[in-house]
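Next comes query_11.tsv, with TSV, C-alpha atoms.
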```
chain	number	residue	atom	x	y	z
A	1	MET	CA	0.00	0.00	0.00
A	2	THR	CA	1.25	3.44	-0.83
A	3	SER	CA	1.26	6.14	1.81
A	4	ASN	CA	1.61	8.95	-0.72
A	5	PHE	CA	-0.86	11.65	0.25
A	6	LEU	CA	-1.33	12.59	-3.39
A	7	ALA	CA	-2.41	9.09	-4.46
A	8	PRO	CA	-5.30	7.95	-2.23
A	9	ALA	CA	-6.79	5.71	-4.94
A	10	ALA	CA	-3.65	3.56	-4.93
A	11	ALA	CA	-4.40	2.63	-1.30
A	12	LEU	CA	-7.79	1.14	-2.22
A	13	PRO	CA	-8.51	-2.50	-3.03
A	14	ARG	CA	-7.82	-2.96	-6.74
A	15	GLU	CA	-11.47	-3.72	-7.56
A	16	ALA	CA	-12.60	-0.38	-6.12
A	17	ARG	CA	-10.15	1.92	-7.85
A	18	ARG	CA	-11.98	2.26	-11.15
A	19	PHE	CA	-15.17	3.37	-9.39
A	20	TRP	CA	-13.22	5.85	-7.24
A	21	TRP	CA	-11.70	7.43	-10.34
A	22	LEU	CA	-15.07	7.50	-12.10
A	23	ALA	CA	-16.49	9.25	-9.04
A	24	ALA	CA	-13.68	11.81	-9.21
A	25	LEU	CA	-14.48	12.43	-12.89
A	26	ALA	CA	-18.19	12.75	-12.11
A	27	GLY	CA	-17.41	15.28	-9.39
A	28	ALA	CA	-15.23	17.32	-11.75
A	29	ALA	CA	-17.89	17.19	-14.49
A	30	TYR	CA	-20.55	18.42	-12.09
A	31	ALA	CA	-18.32	21.30	-11.03
A	32	LEU	CA	-17.97	22.33	-14.68
A	33	SER	CA	-21.74	22.02	-15.19
A	34	LEU	CA	-22.42	24.59	-12.48
A	35	ARG	CA	-21.88	27.30	-15.10
A	36	GLY	CA	-25.31	26.39	-16.46
A	37	ALA	CA	-27.08	25.73	-13.16
A	38	PRO	CA	-29.89	25.34	-12.44
A	39	TYR	CA	-30.69	22.88	-15.23
A	40	ALA	CA	-32.87	19.85	-15.87
A	41	ASP	CA	-31.67	16.62	-14.25
A	42	GLN	CA	-29.18	18.55	-12.10
A	43	ALA	CA	-29.99	16.32	-9.12
A	44	ILE	CA	-29.07	13.21	-11.13
A	45	ALA	CA	-25.76	14.72	-12.22
A	46	LYS	CA	-25.02	15.72	-8.64
A	47	VAL	CA	-25.71	12.31	-7.10
A	48	LEU	CA	-23.34	10.46	-9.45
A	49	LEU	CA	-20.39	11.22	-7.17
A	50	CYS	CA	-21.84	9.36	-4.19
A	51	ALA	CA	-23.41	6.66	-6.37
A	52	LEU	CA	-20.04	5.73	-7.88
A	53	LEU	CA	-18.31	5.91	-4.51
A	54	LEU	CA	-20.99	3.55	-3.22
A	55	PHE	CA	-19.97	1.00	-5.85
A	56	ALA	CA	-16.37	1.41	-4.69
A	57	ALA	CA	-17.41	1.02	-1.05
A	58	LEU	CA	-18.97	-2.37	-1.76
A	59	TYR	CA	-15.42	-3.71	-2.15
A	60	HIS	CA	-14.32	-2.61	1.32
A	61	ARG	CA	-12.90	-5.62	3.11
A	62	VAL	CA	-14.04	-4.82	6.64
A	63	PRO	CA	-17.76	-5.76	6.82
A	64	ARG	CA	-18.81	-3.50	9.71
A	65	GLU	CA	-17.06	-0.49	8.19
A	66	ARG	CA	-18.49	-1.33	4.77
A	67	VAL	CA	-22.03	-1.04	6.15
A	68	GLY	CA	-21.30	2.30	7.81
A	69	LEU	CA	-19.54	3.73	4.75
A	70	CYS	CA	-22.33	2.62	2.40
A	71	ALA	CA	-24.93	4.16	4.74
A	72	ALA	CA	-23.00	7.45	4.83
A	73	LEU	CA	-22.76	7.58	1.03
A	74	ILE	CA	-26.42	6.69	0.49
A	75	LEU	CA	-27.53	9.36	2.96
A	76	SER	CA	-25.14	11.89	1.43
A	77	GLY	CA	-26.57	11.12	-2.01
A	78	ALA	CA	-30.07	11.68	-0.66
A	79	GLY	CA	-28.93	15.00	0.78
A	80	ASP	CA	-27.42	15.98	-2.56
A	81	VAL	CA	-30.71	15.32	-4.35
A	82	LEU	CA	-32.76	17.22	-1.77
A	83	LEU	CA	-30.48	20.25	-1.80
A	84	ALA	CA	-30.52	20.26	-5.62
A	85	SER	CA	-34.34	20.39	-5.68
A	86	PRO	CA	-35.18	24.09	-5.19
A	87	THR	CA	-38.86	23.49	-5.94
A	88	LEU	CA	-39.17	21.21	-2.90
A	89	ALA	CA	-40.56	23.35	-0.08
A	90	GLN	CA	-38.64	21.60	2.70
A	91	GLY	CA	-35.66	20.62	0.55
A	92	PHE	CA	-33.09	22.42	2.69
A	93	VAL	CA	-34.36	21.04	6.00
A	94	LEU	CA	-34.70	17.50	4.62
A	95	GLY	CA	-31.26	17.74	3.05
A	96	LEU	CA	-29.88	18.92	6.39
A	97	GLY	CA	-31.43	15.88	8.05
A	98	ALA	CA	-30.01	13.48	5.47
A	99	PHE	CA	-26.51	14.87	5.88
A	100	LEU	CA	-26.83	14.83	9.67
A	101	LEU	CA	-27.51	11.08	9.47
A	102	ALA	CA	-24.61	10.69	7.02
A	103	HIS	CA	-22.27	12.36	9.50
A	104	LEU	CA	-23.52	10.04	12.23
A	105	ALA	CA	-22.75	7.04	10.02
A	106	TYR	CA	-19.23	8.33	9.40
A	107	PHE	CA	-18.85	9.08	13.10
A	108	LEU	CA	-19.67	5.49	14.06
A	109	VAL	CA	-17.12	4.13	11.59
A	110	PHE	CA	-14.38	6.41	12.90
A	111	TRP	CA	-15.25	6.08	16.57
A	112	ARG	CA	-14.68	2.31	16.47
A	113	LEU	CA	-11.18	3.03	15.15
A	114	ARG	CA	-10.27	5.71	17.69
A	115	ARG	CA	-6.83	5.86	19.29
A	116	ARG	CA	-5.82	6.85	22.77
A	117	TRP	CA	-5.22	10.58	23.06
A	118	ALA	CA	-1.50	10.03	23.63
A	119	GLN	CA	-1.26	8.22	20.28
A	120	VAL	CA	-3.01	10.95	18.28
A	121	PRO	CA	-0.62	13.05	16.12
A	122	ALA	CA	-0.05	16.58	17.40
A	123	TRP	CA	-1.64	18.30	14.42
A	124	HIS	CA	-4.75	16.15	14.81
A	125	ARG	CA	-5.08	17.29	18.43
A	126	VAL	CA	-4.78	20.93	17.41
A	127	ALA	CA	-7.27	20.39	14.59
A	128	ILE	CA	-9.84	18.88	16.99
A	129	VAL	CA	-9.67	21.97	19.22
A	130	LEU	CA	-9.96	24.25	16.18
A	131	VAL	CA	-12.94	22.28	14.82
A	132	TRP	CA	-14.96	22.87	17.99
A	133	ALA	CA	-13.89	26.52	18.23
A	134	ALA	CA	-14.84	27.09	14.59
A	135	ALA	CA	-18.17	25.29	15.12
A	136	ALA	CA	-19.05	27.63	17.99
A	137	LEU	CA	-17.96	30.69	16.01
A	138	ALA	CA	-19.91	29.61	12.91
A	139	TYR	CA	-23.07	29.01	14.91
A	140	ALA	CA	-22.78	32.41	16.55
A	141	THR	CA	-22.32	33.98	13.10
A	142	TYR	CA	-25.39	32.20	11.73
A	143	TRP	CA	-27.57	33.04	14.75
A	144	PRO	CA	-29.20	36.28	13.50
A	145	GLY	CA	-30.31	34.70	10.23
A	146	MET	CA	-31.44	31.23	11.37
A	147	GLY	CA	-34.96	32.05	12.55
A	148	GLU	CA	-36.78	28.81	13.42
A	149	LEU	CA	-33.82	26.67	12.35
A	150	LYS	CA	-31.69	27.44	15.41
A	151	ALA	CA	-32.24	24.05	17.07
A	152	PRO	CA	-31.81	21.88	13.93
A	153	VAL	CA	-28.69	23.78	12.92
A	154	ALA	CA	-27.26	23.44	16.44
A	155	CYS	CA	-27.73	19.66	16.24
A	156	TYR	CA	-26.13	19.58	12.81
A	157	VAL	CA	-23.11	21.64	13.84
A	158	ILE	CA	-22.50	19.42	16.87
A	159	VAL	CA	-22.76	16.18	14.87
A	160	LEU	CA	-20.50	17.56	12.13
A	161	ALA	CA	-17.86	18.49	14.72
A	162	MET	CA	-18.21	15.04	16.30
A	163	MET	CA	-17.62	13.37	12.92
A	164	ALA	CA	-14.56	15.49	12.16
A	165	SER	CA	-13.12	14.86	15.64
A	166	ALA	CA	-13.66	11.11	15.33
A	167	ALA	CA	-11.92	11.10	11.93
A	168	LEU	CA	-8.95	12.89	13.50
A	169	LEU	CA	-8.85	10.33	16.32
A	170	ALA	CA	-9.16	7.30	14.03
A	171	ASP	CA	-6.22	4.95	13.55
A	172	LEU	CA	-6.17	4.76	9.76
A	173	PRO	CA	-3.36	4.68	7.18
A	174	GLY	CA	-2.48	8.02	5.65
A	175	GLU	CA	-4.16	11.35	6.31
A	176	TRP	CA	-6.95	11.09	3.76
A	177	ALA	CA	-9.85	10.57	6.17
A	178	ALA	CA	-8.66	13.32	8.50
A	179	VAL	CA	-8.26	15.84	5.68
A	180	GLY	CA	-11.53	14.76	4.08
A	181	ALA	CA	-13.43	15.32	7.31
A	182	LEU	CA	-11.94	18.80	7.67
A	183	LEU	CA	-12.84	19.68	4.07
A	184	PHE	CA	-16.40	18.53	4.77
A	185	THR	CA	-16.64	20.94	7.71
A	186	VAL	CA	-15.42	23.83	5.57
A	187	SER	CA	-17.87	23.00	2.78
A	188	ASP	CA	-20.77	22.83	5.22
A	189	ALA	CA	-19.64	26.06	6.89
A	190	LEU	CA	-19.82	27.77	3.50
A	191	ILE	CA	-23.36	26.44	2.97
A	192	GLY	CA	-24.34	27.89	6.34
A	193	THR	CA	-22.72	31.21	5.49
A	194	THR	CA	-24.50	31.54	2.15
A	195	ARG	CA	-27.82	30.47	3.70
A	196	PHE	CA	-27.81	32.52	6.91
A	197	VAL	CA	-25.34	35.37	6.36
A	198	GLY	CA	-25.06	36.23	2.68
A	199	PRO	CA	-23.56	35.22	-0.66
A	200	ILE	CA	-19.83	34.77	-1.15
A	201	LEU	CA	-17.72	34.81	-4.31
A	202	ALA	CA	-18.00	31.64	-6.43
A	203	GLN	CA	-19.90	29.97	-3.60
A	204	GLU	CA	-21.37	27.11	-5.65
A	205	TYR	CA	-17.95	26.07	-6.97
A	206	ALA	CA	-16.21	26.34	-3.59
A	207	ILE	CA	-18.91	24.36	-1.77
A	208	TRP	CA	-19.03	21.58	-4.34
A	209	ILE	CA	-15.28	21.18	-4.91
A	210	LEU	CA	-14.57	20.97	-1.17
A	211	TYR	CA	-17.47	18.56	-0.68
A	212	ALA	CA	-16.45	16.30	-3.58
A	213	LEU	CA	-12.85	16.17	-2.37
A	214	ALA	CA	-14.13	15.40	1.14
A	215	GLN	CA	-16.20	12.42	0.00
A	216	LEU	CA	-13.39	11.08	-2.16
A	217	LEU	CA	-10.85	11.34	0.65
A	218	LEU	CA	-13.17	9.97	3.33
A	219	THR	CA	-13.90	6.93	1.16
A	220	ALA	CA	-10.22	6.40	0.37
A	221	GLY	CA	-9.23	6.83	4.01
A	222	ILE	CA	-11.74	4.31	5.31
A	223	MET	CA	-11.11	1.78	2.56
A	224	ALA	CA	-7.32	2.01	2.55
A	225	VAL	CA	-5.90	-1.52	2.74
A	226	ARG	CA	-4.33	-2.00	6.16
A	227	SER	CA	-1.62	-4.26	7.43
A	228	PRO	CA	-2.86	-6.94	9.86
A	229	ASP	CA	-1.55	-5.10	12.93
A	230	ARG	CA	-3.71	-2.06	12.08
A	231	SER	CA	-6.91	-4.05	11.58
A	232	GLN	CA	-9.63	-4.39	14.16
A	233	PRO	CA	-9.36	-7.32	16.59
A	234	GLY	CA	-10.90	-10.54	15.35
A	235	GLU	CA	-10.88	-9.66	11.65
A	236	SER	CA	-9.62	-12.08	9.06
A	237	HIS	CA	-6.60	-10.99	7.05
A	238	ALA	CA	-6.69	-13.80	4.50
A	239	HIS	CA	-7.83	-11.56	1.65
A	240	ARG	CA	-5.87	-8.42	2.39
A	241	ASP	CA	-3.24	-7.11	-0.01
```
Just dump the structure as C-alpha cells.
Amino acid sequence: MTSNFLAPAAALPREARRFWWLAALAGAAYALSLRGAPYADQAIAKVLLCALLLFAALYHRVPRERVGLCAALILSGAGDVLLASPTLAQGFVLGLGAFLLAHLAYFLVFWRLRRRWAQVPAWHRVAIVLVWAAAALAYATYWPGMGELKAPVACYVIVLAMMASAALLADLPGEWAAVGALLFTVSDALIGTTRFVGPILAQEYAIWILYALAQLLLTAGIMAVRSPDRSQPGESHAHRD
C-alpha cells in the first residue's frame, strides 16, 4: 500500500479503484456544469459522485465499516438530491437531516477506530480543538439569520464536529480521512454562510469542490488496505493485499 498523500486511490482494493476514479471524474464534471445551473436533471448529475463511490465502497474488506460507509454515502446522495431540488418546499431542511444522518454514520465508523489521546498526532489534536472553536464561532455567526432553524442547525453543527473529531482520532493509514473530514466541515460552513449570512464569491464552486474532495478522501481513508496489525481485533486478514 502506498502512503503517498497525493495518491489515495492507490491505497484502495484494486477492484474499487476504477469506481473511485469515475467518481472523481463525475465530481469534476458536475463542477464544470455549475456554469449552467440550475438545469434539468441537475440532481441526477449531482448524485453520481456518491453513487459511484458507493460501488467502490462495496469492495471494502471490513464488513462493519463497509455497512457504515455505504450508509454514509447513500444518505449523502439523498442530501445531494434534496439540496438540488429548489422546488421542494422543505428541501433544505430535509437535506440537512439526510446529511446529519450521514455524518452520524461516518462518526460510528471512525469512533470504532479511535486511538488513545497520547497516540493521536499533534496536528490532529490541534485540529480537533480548532474544529470545535470554529463550530461555535460559525453558529454564533449564523444566529441572526437562522430564525426557526436554530435548534436543527445546532444539532447539525455538533454532529458535524463530532464526525470530524472522530476522523482525526481514528487509527487509519495516511491522512486522507482526517483531511476529508476537515474539508467537509469547511464546505458545510460555506453552505451555512450563504444560507444565513449572505452570498460569497464563487460559492457554488467552492462548496461543491470541497465537498467532492471530502467524500473522495473519506472513502479512500476508510477503505485504505491496512496491514494486519492495524486491523480491528478478530478480523480475518486472509484476503488483504
* To do: Record the distance separating atom CA of A:Pro38 and atom CA of A:Val81, expressed in Å with one decimal.
  => 12.9 Å
Once you count only C-alpha atoms, what closest atom pair and distance in Å to one decimal does each residue of stretch 189-208 of chain A within 12 Å of stretch 139-149 of chain A have, with rows by chain and rising residue number, as a tab-separated table?
```
residue	atom	partner	partner_atom	distance
A:Ala189	CA	A:Tyr139	CA	9.2
A:Leu190	CA	A:Tyr142	CA	10.9
A:Ile191	CA	A:Tyr142	CA	10.7
A:Gly192	CA	A:Tyr142	CA	7.0
A:Thr193	CA	A:Tyr142	CA	6.9
A:Thr194	CA	A:Tyr142	CA	9.6
A:Arg195	CA	A:Gly145	CA	8.2
A:Phe196	CA	A:Gly145	CA	4.7
A:Val197	CA	A:Tyr142	CA	6.2
A:Gly198	CA	A:Gly145	CA	9.3
```
Written selection (C-alpha atoms) as a short mmCIF file (atom, residue, chain, number, x, y, z; two decimals), keeping the file's coordinate frame:
```cif
data_model
loop_
_atom_site.label_atom_id
_atom_site.label_comp_id
_atom_site.auth_asym_id
_atom_site.auth_seq_id
_atom_site.Cartn_x
_atom_site.Cartn_y
_atom_site.Cartn_z
CA ALA A 189 -19.64 26.06 6.89
CA LEU A 190 -19.82 27.77 3.50
CA ILE A 191 -23.36 26.44 2.97
CA GLY A 192 -24.34 27.89 6.34
CA THR A 193 -22.72 31.21 5.49
CA THR A 194 -24.50 31.54 2.15
CA ARG A 195 -27.82 30.47 3.70
CA PHE A 196 -27.81 32.52 6.91
CA VAL A 197 -25.34 35.37 6.36
CA GLY A 198 -25.06 36.23 2.68
#
```
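Nearest residue to A:Gly68 among A:Leu94, A:Leu217, A:Ala105, A:Glu175 is A:Ala105, counting only C-alpha atoms.
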For the point (-10.3, 6.1, 5.5) in the file's frame, write as a PDB file with C-alpha atoms, keeping the file's coordinate frame all residues with an atom no more than 12 Å away, counting all atoms listed in the file.
```pdb
ATOM      1  CA  PRO A   8      -5.300   7.950  -2.230  1.00  0.00           C
ATOM      2  CA  ALA A   9      -6.790   5.710  -4.940  1.00  0.00           C
ATOM      3  CA  ALA A  11      -4.400   2.630  -1.300  1.00  0.00           C
ATOM      4  CA  LEU A  12      -7.790   1.140  -2.220  1.00  0.00           C
ATOM      5  CA  ALA A  57     -17.410   1.020  -1.050  1.00  0.00           C
ATOM      6  CA  HIS A  60     -14.320  -2.610   1.320  1.00  0.00           C
ATOM      7  CA  VAL A  62     -14.040  -4.820   6.640  1.00  0.00           C
ATOM      8  CA  GLU A  65     -17.060  -0.490   8.190  1.00  0.00           C
ATOM      9  CA  ARG A  66     -18.490  -1.330   4.770  1.00  0.00           C
ATOM     10  CA  GLY A  68     -21.300   2.300   7.810  1.00  0.00           C
ATOM     11  CA  LEU A  69     -19.540   3.730   4.750  1.00  0.00           C
ATOM     12  CA  TYR A 106     -19.230   8.330   9.400  1.00  0.00           C
ATOM     13  CA  PHE A 107     -18.850   9.080  13.100  1.00  0.00           C
ATOM     14  CA  VAL A 109     -17.120   4.130  11.590  1.00  0.00           C
ATOM     15  CA  PHE A 110     -14.380   6.410  12.900  1.00  0.00           C
ATOM     16  CA  LEU A 113     -11.180   3.030  15.150  1.00  0.00           C
ATOM     17  CA  ALA A 166     -13.660  11.110  15.330  1.00  0.00           C
ATOM     18  CA  ALA A 167     -11.920  11.100  11.930  1.00  0.00           C
ATOM     19  CA  LEU A 168      -8.950  12.890  13.500  1.00  0.00           C
ATOM     20  CA  LEU A 169      -8.850  10.330  16.320  1.00  0.00           C
ATOM     21  CA  ALA A 170      -9.160   7.300  14.030  1.00  0.00           C
ATOM     22  CA  ASP A 171      -6.220   4.950  13.550  1.00  0.00           C
ATOM     23  CA  LEU A 172      -6.170   4.760   9.760  1.00  0.00           C
ATOM     24  CA  PRO A 173      -3.360   4.680   7.180  1.00  0.00           C
ATOM     25  CA  GLY A 174      -2.480   8.020   5.650  1.00  0.00           C
ATOM     26  CA  GLU A 175      -4.160  11.350   6.310  1.00  0.00           C
ATOM     27  CA  TRP A 176      -6.950  11.090   3.760  1.00  0.00           C
ATOM     28  CA  ALA A 177      -9.850  10.570   6.170  1.00  0.00           C
ATOM     29  CA  ALA A 178      -8.660  13.320   8.500  1.00  0.00           C
ATOM     30  CA  VAL A 179      -8.260  15.840   5.680  1.00  0.00           C
ATOM     31  CA  GLY A 180     -11.530  14.760   4.080  1.00  0.00           C
ATOM     32  CA  ALA A 181     -13.430  15.320   7.310  1.00  0.00           C
ATOM     33  CA  ALA A 214     -14.130  15.400   1.140  1.00  0.00           C
ATOM     34  CA  GLN A 215     -16.200  12.420   0.000  1.00  0.00           C
ATOM     35  CA  LEU A 216     -13.390  11.080  -2.160  1.00  0.00           C
ATOM     36  CA  LEU A 217     -10.850  11.340   0.650  1.00  0.00           C
ATOM     37  CA  LEU A 218     -13.170   9.970   3.330  1.00  0.00           C
ATOM     38  CA  THR A 219     -13.900   6.930   1.160  1.00  0.00           C
ATOM     39  CA  ALA A 220     -10.220   6.400   0.370  1.00  0.00           C
ATOM     40  CA  GLY A 221      -9.230   6.830   4.010  1.00  0.00           C
ATOM     41  CA  ILE A 222     -11.740   4.310   5.310  1.00  0.00           C
ATOM     42  CA  MET A 223     -11.110   1.780   2.560  1.00  0.00           C
ATOM     43  CA  ALA A 224      -7.320   2.010   2.550  1.00  0.00           C
ATOM     44  CA  VAL A 225      -5.900  -1.520   2.740  1.00  0.00           C
ATOM     45  CA  ARG A 226      -4.330  -2.000   6.160  1.00  0.00           C
TER      46      ARG A 226
END
```
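We find atom CA of A:Ala23 and atom CA of A:Leu52 to be spaced 5.1 Å apart.
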* To do: One decimal, Å: what's the distance from atom CA of A:Leu100 over to atom CA of A:Cys70, could you say?
  => 14.9 Å
